[in-house]
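Listing of my_file-v2.txt; format and content: compact mmCIF, C-alpha atoms.
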```
# COMPACT_ATOMS: atom_id res chain seq x y z
CA MET A 30 44.88 -29.49 20.07
CA GLN A 31 46.31 -27.05 17.55
CA ASN A 32 48.43 -29.81 15.93
CA PHE A 33 45.34 -32.00 15.69
CA TYR A 34 43.45 -29.32 13.76
CA MET A 35 46.44 -28.67 11.51
CA VAL A 36 46.62 -32.36 10.52
CA ILE A 37 42.85 -32.76 10.12
CA ASN A 38 42.60 -29.52 8.13
CA ALA A 39 45.37 -30.66 5.78
CA ILE A 40 43.63 -34.02 5.24
CA LEU A 41 40.25 -32.37 4.68
CA PHE A 42 41.76 -29.84 2.28
CA ALA A 43 43.39 -32.63 0.23
CA TYR A 44 40.12 -34.56 0.20
CA ALA A 45 38.20 -31.44 -0.87
CA CYS A 46 40.60 -30.92 -3.80
CA TYR A 47 40.27 -34.60 -4.81
CA SER A 48 36.46 -34.47 -4.63
CA TRP A 49 36.28 -31.16 -6.44
CA TYR A 50 38.48 -32.55 -9.25
CA TRP A 51 36.10 -35.45 -9.83
CA GLN A 52 33.02 -33.29 -9.50
CA ALA A 53 34.39 -31.00 -12.21
CA LYS A 54 34.88 -33.98 -14.56
CA LEU A 55 31.21 -35.04 -14.60
CA ASP A 56 29.67 -35.62 -18.03
CA LEU A 57 26.25 -36.57 -16.69
CA ARG A 58 25.53 -34.75 -13.43
CA GLY A 59 23.27 -36.37 -10.87
CA LYS A 60 20.84 -34.63 -8.56
CA PHE A 61 22.39 -32.94 -5.53
CA ARG A 62 22.11 -35.06 -2.37
CA LEU A 63 21.00 -32.57 0.25
CA SER A 64 21.09 -35.22 2.99
CA VAL A 65 24.90 -35.09 3.14
CA LEU A 66 24.82 -31.40 4.02
CA ILE A 67 21.95 -31.82 6.48
CA TRP A 68 23.72 -34.64 8.37
CA THR A 69 26.92 -32.59 8.51
CA LEU A 70 25.07 -29.63 10.01
CA ILE A 71 23.32 -31.90 12.53
CA ILE A 72 26.65 -33.43 13.61
CA ILE A 73 28.22 -29.96 13.98
CA TRP A 74 25.22 -28.79 16.01
CA LEU A 75 25.44 -31.88 18.26
CA GLY A 76 29.18 -31.32 18.67
CA PHE A 77 28.57 -27.81 19.97
CA SER A 78 25.55 -28.86 22.05
CA TRP A 79 27.39 -31.67 23.80
CA ASN A 80 30.58 -29.58 24.18
CA TYR A 81 32.72 -31.83 21.98
CA ILE A 82 33.54 -28.78 19.88
CA GLU A 83 34.65 -25.58 21.62
CA SER A 84 34.29 -22.32 19.71
CA GLY A 85 37.53 -20.96 21.17
CA ASP A 86 39.78 -23.75 19.84
CA PRO A 87 42.44 -22.50 17.42
CA GLY A 88 41.77 -23.78 13.93
CA ILE A 89 38.11 -24.60 14.57
CA ASN A 90 36.77 -21.99 12.13
CA PHE A 91 38.83 -23.34 9.23
CA PHE A 92 37.92 -26.91 10.25
CA LEU A 93 34.19 -26.17 10.26
CA ALA A 94 34.42 -24.31 6.95
CA LEU A 95 36.23 -27.28 5.39
CA ILE A 96 33.71 -29.78 6.77
CA ILE A 97 30.80 -27.82 5.32
CA PHE A 98 32.65 -27.28 2.03
CA VAL A 99 33.42 -30.99 1.72
CA SER A 100 29.80 -31.92 2.46
CA ILE A 101 28.61 -29.55 -0.28
CA ILE A 102 31.05 -31.04 -2.79
CA ASP A 103 30.14 -34.61 -1.76
CA GLY A 104 26.50 -33.93 -2.54
CA PHE A 105 27.28 -33.92 -6.26
CA THR A 106 27.29 -37.28 -8.03
CA GLY A 107 27.31 -38.43 -11.62
CA LEU A 108 29.20 -40.14 -14.39
CA ALA A 109 32.68 -38.93 -15.36
CA PRO A 110 34.74 -40.21 -18.30
CA LYS A 111 36.85 -42.65 -16.26
CA ARG A 112 34.83 -43.25 -13.07
CA ALA A 113 31.40 -42.96 -11.54
CA VAL A 114 31.37 -40.25 -8.86
CA VAL A 115 29.37 -41.35 -5.82
CA SER A 116 28.45 -39.63 -2.59
CA GLY A 117 30.51 -40.79 0.36
CA TYR A 118 33.40 -39.85 2.56
CA PHE A 119 35.30 -43.13 2.29
CA LYS A 120 34.78 -43.96 -1.39
CA ARG A 121 34.27 -41.01 -3.71
CA THR A 122 34.67 -42.73 -7.08
CA VAL A 123 34.04 -46.17 -8.53
CA LYS A 124 36.04 -47.42 -11.49
CA TYR A 125 33.89 -48.58 -14.37
CA SER A 126 35.85 -51.84 -14.49
CA GLU A 127 34.44 -52.66 -11.01
CA ILE A 128 30.82 -52.24 -12.14
CA ASP A 129 29.01 -55.44 -13.13
CA GLY A 130 25.50 -54.11 -13.54
CA ALA A 131 23.17 -51.18 -13.26
CA LEU A 132 19.55 -51.05 -12.20
CA LEU A 133 17.77 -48.05 -13.69
CA ILE A 134 14.39 -47.12 -12.26
CA ASN A 135 12.30 -44.68 -14.26
CA VAL A 136 10.50 -42.19 -11.99
CA PRO A 137 7.80 -40.46 -14.03
CA SER A 138 6.90 -36.98 -12.93
CA PRO A 139 4.77 -34.28 -14.54
CA LYS A 140 7.40 -31.61 -13.78
CA SER A 141 10.59 -33.38 -14.80
CA PRO A 142 11.27 -37.09 -15.19
CA SER A 143 14.11 -38.60 -13.21
CA VAL A 144 16.02 -41.85 -13.10
CA ILE A 145 17.31 -43.73 -10.07
CA CYS A 146 20.52 -45.57 -10.90
CA ILE A 147 21.90 -48.29 -8.66
CA LEU A 148 25.39 -49.36 -9.70
CA LYS A 149 26.31 -52.90 -8.65
CA THR A 150 29.99 -53.78 -8.32
CA ASN A 151 31.81 -57.09 -8.59
CA ASN A 152 32.50 -57.11 -4.84
CA GLY A 153 28.79 -56.92 -3.95
CA ARG A 154 28.55 -53.20 -3.15
CA GLN A 155 25.84 -50.94 -4.52
CA TYR A 156 25.95 -47.20 -5.13
CA TYR A 157 22.91 -44.94 -5.50
CA LEU A 158 22.75 -42.09 -8.00
CA ARG A 159 19.78 -40.07 -9.17
CA PHE A 160 19.55 -38.19 -12.45
CA ARG A 161 17.14 -35.71 -14.02
CA GLY A 162 16.06 -36.75 -17.47
CA GLU A 163 15.25 -39.89 -19.35
CA VAL A 164 16.51 -43.46 -18.99
CA SER A 165 18.00 -43.31 -22.49
CA GLN A 166 20.42 -40.54 -21.39
CA VAL A 167 21.74 -42.65 -18.51
CA ILE A 168 22.02 -45.77 -20.68
CA GLY A 169 23.93 -43.79 -23.32
CA ALA A 170 26.33 -42.39 -20.73
CA LEU A 171 26.92 -45.82 -19.16
CA LYS A 172 27.62 -47.44 -22.54
CA ARG A 173 29.87 -44.57 -23.58
CA HIS A 174 31.99 -44.77 -20.42
CA THR A 175 32.21 -48.48 -19.66
CA ASP A 176 34.79 -50.50 -21.52
CA HIS A 177 32.93 -53.78 -21.03
CA ASN A 178 29.35 -54.93 -21.32
CA ILE A 179 27.50 -54.43 -18.08
CA LYS A 180 24.05 -55.79 -17.40
CA ILE A 181 21.57 -52.92 -17.47
CA GLU A 182 18.15 -53.64 -16.00
CA ILE A 183 15.33 -51.13 -16.44
CA ASN A 184 12.32 -50.90 -14.13
CA SER A 185 9.63 -48.32 -13.51
CA ILE A 186 8.10 -47.13 -10.27
CA ILE A 187 4.56 -47.49 -11.65
```
Rewritten as structure tokens:
Amino acid sequence: MQNFYMVINAILFAYACYSWYWQAKLDLRGKFRLSVLIWTLIIIWLGFSWNYIESGDPGINFFLALIIFVSIIDGFTGLAPKRAVVSGYFKRTVKYSEIDGALLINVPSPKSPSVICILKTNNGRQYYLRFRGEVSQVIGALKRHTDHNIKIEINSII
């Protein structure tokens, strides 16, 4: 079991460095997705409850720390100079060349306005990002970073 944790810890550490690199490159930072952290904590709790995770296993402390660290880093999304940073364990970034369109939904709020951004790719996938601020900020960032014309559709919740 010790070899298993060594391999998994090395993979998680490499992934954490990769995710942290892209998170540090963000020009327009999205809202933090708390659900990633909550689901990670629920899965850890279930692992201990159902005895899939034993507290005496060697390497478990480092493994759990890395899992929580990765889930915190993965909660940050936004637009970086070369790629859009999305929340997900299997696909952390999306190249702007893969994006065909963006649906921006204005969410008016008396405290602070926000924008929901759904990026649509040429292979039919969609990625959800949420930003604080105005629609014009998101449009400006998308136009600044994409090297081709993407279809930008703007809607409002009201």
Discussion item. Residues within 12 Å of Ile128 of chain A, please, as an MDAnalysis selection string. Count only C-alpha atoms; anything in the same chain fewer than 6 positions from it doesn't count.
Written reply: chainID A and resid 112:113 122 147:156 171:172 174:181
Can those selected residues be exported to a file as an mmCIF file, in the coordinates of the input so that it contains C-alpha atoms?
```cif
data_model
loop_
_atom_site.group_PDB
_atom_site.id
_atom_site.type_symbol
_atom_site.label_atom_id
_atom_site.label_comp_id
_atom_site.auth_asym_id
_atom_site.auth_seq_id
_atom_site.Cartn_x
_atom_site.Cartn_y
_atom_site.Cartn_z
ATOM 1 C CA ARG A 112 34.830 -43.250 -13.070
ATOM 2 C CA ALA A 113 31.400 -42.960 -11.540
ATOM 3 C CA THR A 122 34.670 -42.730 -7.080
ATOM 4 C CA ILE A 147 21.900 -48.290 -8.660
ATOM 5 C CA LEU A 148 25.390 -49.360 -9.700
ATOM 6 C CA LYS A 149 26.310 -52.900 -8.650
ATOM 7 C CA THR A 150 29.990 -53.780 -8.320
ATOM 8 C CA ASN A 151 31.810 -57.090 -8.590
ATOM 9 C CA ASN A 152 32.500 -57.110 -4.840
ATOM 10 C CA GLY A 153 28.790 -56.920 -3.950
ATOM 11 C CA ARG A 154 28.550 -53.200 -3.150
ATOM 12 C CA GLN A 155 25.840 -50.940 -4.520
ATOM 13 C CA TYR A 156 25.950 -47.200 -5.130
ATOM 14 C CA LEU A 171 26.920 -45.820 -19.160
ATOM 15 C CA LYS A 172 27.620 -47.440 -22.540
ATOM 16 C CA HIS A 174 31.990 -44.770 -20.420
ATOM 17 C CA THR A 175 32.210 -48.480 -19.660
ATOM 18 C CA ASP A 176 34.790 -50.500 -21.520
ATOM 19 C CA HIS A 177 32.930 -53.780 -21.030
ATOM 20 C CA ASN A 178 29.350 -54.930 -21.320
ATOM 21 C CA ILE A 179 27.500 -54.430 -18.080
ATOM 22 C CA LYS A 180 24.050 -55.790 -17.400
ATOM 23 C CA ILE A 181 21.570 -52.920 -17.470
#
```
Worksheet entry | Among the residues A:Asp129, A:Leu95, A:Pro139, A:Arg121, the one that comes closest to Ala39 of chain A [using only C-alpha atoms] |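 Residue with the minimum atom-to-atom distance to Ala39 of chain A: A:Leu95.
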Item to complete: For each of A:Glu127, A:Asp103, A:Glu163, A:Glu182, take the minimum atom-to-atom distance to Arg62 of chain A, counting only C-alpha atoms, then give the residue where this is smallest.
Response: A:Asp103
Worksheet item: Restricting the calculation to only C-alpha atoms, which member of A:Phe91, A:Trp79, A:Tyr50, A:Tyr157 is positioned closest to Val115 of chain A?
Response: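 Using only C-alpha atoms, the shortest distance to Val115 of chain A belongs to A:Tyr157.
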Practice prompt. Go ahead and compute the interatomic distance for atom CA of Ala170 of chain A and atom CA of Trp49 of chain A, in Å to one decimal.
Written response: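 Taking atom CA of Ala170 of chain A as the start and atom CA of Trp49 of chain A as the end point, the length is 20.7 Å.
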Write out as a tab-separated table (two decimals) with C-alpha atoms, in the frame of the given file which residues come within 10 Å of segment 43-47 of chain A when counting only C-alpha atoms, dropping same-chain ones fewer than 3 positions away.
```tsv
chain	number	residue	atom	x	y	z
A	37	ILE	CA	42.85	-32.76	10.12
A	38	ASN	CA	42.60	-29.52	8.13
A	39	ALA	CA	45.37	-30.66	5.78
A	40	ILE	CA	43.63	-34.02	5.24
A	50	TYR	CA	38.48	-32.55	-9.25
A	51	TRP	CA	36.10	-35.45	-9.83
A	52	GLN	CA	33.02	-33.29	-9.50
A	95	LEU	CA	36.23	-27.28	5.39
A	96	ILE	CA	33.71	-29.78	6.77
A	98	PHE	CA	32.65	-27.28	2.03
A	99	VAL	CA	33.42	-30.99	1.72
A	100	SER	CA	29.80	-31.92	2.46
A	101	ILE	CA	28.61	-29.55	-0.28
A	102	ILE	CA	31.05	-31.04	-2.79
A	103	ASP	CA	30.14	-34.61	-1.76
A	118	TYR	CA	33.40	-39.85	2.56
A	121	ARG	CA	34.27	-41.01	-3.71
```
Worksheet item: With all atoms listed in the file as the atoms that count, which of A:Leu63, A:Ile71, A:Leu55, A:Ile97 lies nearest to Leu41 of chain A?
Response: A:Ile97
Output requested as a CSV table (one decimal), in the frame of the given file - segment 117-143 of chain A, filled out with N, CA, C and O atoms.
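Dumped everything to selection.csv:
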```csv
chain,number,residue,atom,x,y,z
A,117,GLY,N,30.0,-40.1,-0.8
A,117,GLY,CA,30.5,-40.8,0.4
A,117,GLY,C,31.9,-40.3,0.8
A,117,GLY,O,32.7,-39.8,-0.1
A,118,TYR,N,32.1,-40.3,2.1
A,118,TYR,CA,33.4,-39.8,2.6
A,118,TYR,C,34.5,-40.8,2.4
A,118,TYR,O,35.7,-40.5,2.2
A,119,PHE,N,34.2,-42.1,2.3
A,119,PHE,CA,35.3,-43.1,2.3
A,119,PHE,C,35.5,-43.7,0.9
A,119,PHE,O,36.6,-44.2,0.6
A,120,LYS,N,34.6,-43.5,0.0
A,120,LYS,CA,34.8,-44.0,-1.4
A,120,LYS,C,34.1,-42.9,-2.3
A,120,LYS,O,32.9,-42.9,-2.3
A,121,ARG,N,34.8,-42.1,-2.9
A,121,ARG,CA,34.3,-41.0,-3.7
A,121,ARG,C,34.0,-41.4,-5.1
A,121,ARG,O,33.1,-40.9,-5.8
A,122,THR,N,34.8,-42.3,-5.7
A,122,THR,CA,34.7,-42.7,-7.1
A,122,THR,C,34.7,-44.2,-7.2
A,122,THR,O,35.2,-44.9,-6.3
A,123,VAL,N,34.1,-44.7,-8.2
A,123,VAL,CA,34.0,-46.2,-8.5
A,123,VAL,C,34.5,-46.3,-10.0
A,123,VAL,O,34.0,-45.7,-10.9
A,124,LYS,N,35.5,-47.2,-10.1
A,124,LYS,CA,36.0,-47.4,-11.5
A,124,LYS,C,35.0,-48.2,-12.3
A,124,LYS,O,34.3,-49.1,-11.7
A,125,TYR,N,34.9,-47.9,-13.5
A,125,TYR,CA,33.9,-48.6,-14.4
A,125,TYR,C,34.2,-50.1,-14.5
A,125,TYR,O,33.3,-50.9,-14.7
A,126,SER,N,35.5,-50.4,-14.4
A,126,SER,CA,35.8,-51.8,-14.5
A,126,SER,C,35.3,-52.6,-13.3
A,126,SER,O,35.2,-53.9,-13.4
A,127,GLU,N,35.0,-52.0,-12.2
A,127,GLU,CA,34.4,-52.7,-11.0
A,127,GLU,C,32.9,-52.9,-11.1
A,127,GLU,O,32.4,-53.6,-10.3
A,128,ILE,N,32.3,-52.2,-12.1
A,128,ILE,CA,30.8,-52.2,-12.1
A,128,ILE,C,30.4,-53.4,-13.0
A,128,ILE,O,30.8,-53.6,-14.1
A,129,ASP,N,29.5,-54.3,-12.4
A,129,ASP,CA,29.0,-55.4,-13.1
A,129,ASP,C,27.6,-55.2,-13.7
A,129,ASP,O,27.3,-55.7,-14.7
A,130,GLY,N,26.9,-54.3,-13.1
A,130,GLY,CA,25.5,-54.1,-13.5
A,130,GLY,C,24.9,-52.8,-13.0
A,130,GLY,O,25.5,-52.2,-12.1
A,131,ALA,N,23.8,-52.4,-13.7
A,131,ALA,CA,23.2,-51.2,-13.3
A,131,ALA,C,21.7,-51.4,-13.3
A,131,ALA,O,21.1,-52.0,-14.3
A,132,LEU,N,21.0,-51.0,-12.3
A,132,LEU,CA,19.6,-51.0,-12.2
A,132,LEU,C,19.1,-49.6,-12.4
A,132,LEU,O,19.4,-48.8,-11.6
A,133,LEU,N,18.3,-49.4,-13.4
A,133,LEU,CA,17.8,-48.0,-13.7
A,133,LEU,C,16.3,-48.1,-13.4
A,133,LEU,O,15.6,-48.9,-14.0
A,134,ILE,N,15.8,-47.2,-12.6
A,134,ILE,CA,14.4,-47.1,-12.3
A,134,ILE,C,13.8,-45.8,-12.8
A,134,ILE,O,14.3,-44.7,-12.3
A,135,ASN,N,12.9,-45.9,-13.7
A,135,ASN,CA,12.3,-44.7,-14.3
A,135,ASN,C,11.3,-44.1,-13.3
A,135,ASN,O,10.4,-44.8,-12.8
A,136,VAL,N,11.4,-42.9,-12.9
A,136,VAL,CA,10.5,-42.2,-12.0
A,136,VAL,C,9.8,-41.1,-12.8
A,136,VAL,O,10.3,-40.0,-13.0
A,137,PRO,N,8.5,-41.5,-13.3
A,137,PRO,CA,7.8,-40.5,-14.0
A,137,PRO,C,7.3,-39.3,-13.1
A,137,PRO,O,6.9,-39.6,-12.0
A,138,SER,N,7.4,-38.1,-13.7
A,138,SER,CA,6.9,-37.0,-12.9
A,138,SER,C,6.4,-36.0,-13.9
A,138,SER,O,7.0,-35.8,-15.0
A,139,PRO,N,5.3,-35.3,-13.6
A,139,PRO,CA,4.8,-34.3,-14.5
A,139,PRO,C,5.7,-33.1,-14.7
A,139,PRO,O,5.8,-32.5,-15.8
A,140,LYS,N,6.5,-32.8,-13.7
A,140,LYS,CA,7.4,-31.6,-13.8
A,140,LYS,C,8.6,-32.0,-14.6
A,140,LYS,O,8.9,-31.4,-15.6
A,141,SER,N,9.4,-32.9,-14.1
A,141,SER,CA,10.6,-33.4,-14.8
A,141,SER,C,10.9,-34.8,-14.4
A,141,SER,O,10.9,-35.2,-13.3
A,142,PRO,N,11.0,-35.7,-15.5
A,142,PRO,CA,11.3,-37.1,-15.2
A,142,PRO,C,12.7,-37.3,-14.6
A,142,PRO,O,13.6,-36.5,-14.8
A,143,SER,N,12.8,-38.3,-13.8
A,143,SER,CA,14.1,-38.6,-13.2
A,143,SER,C,14.3,-40.1,-13.2
A,143,SER,O,13.4,-40.9,-13.4
```
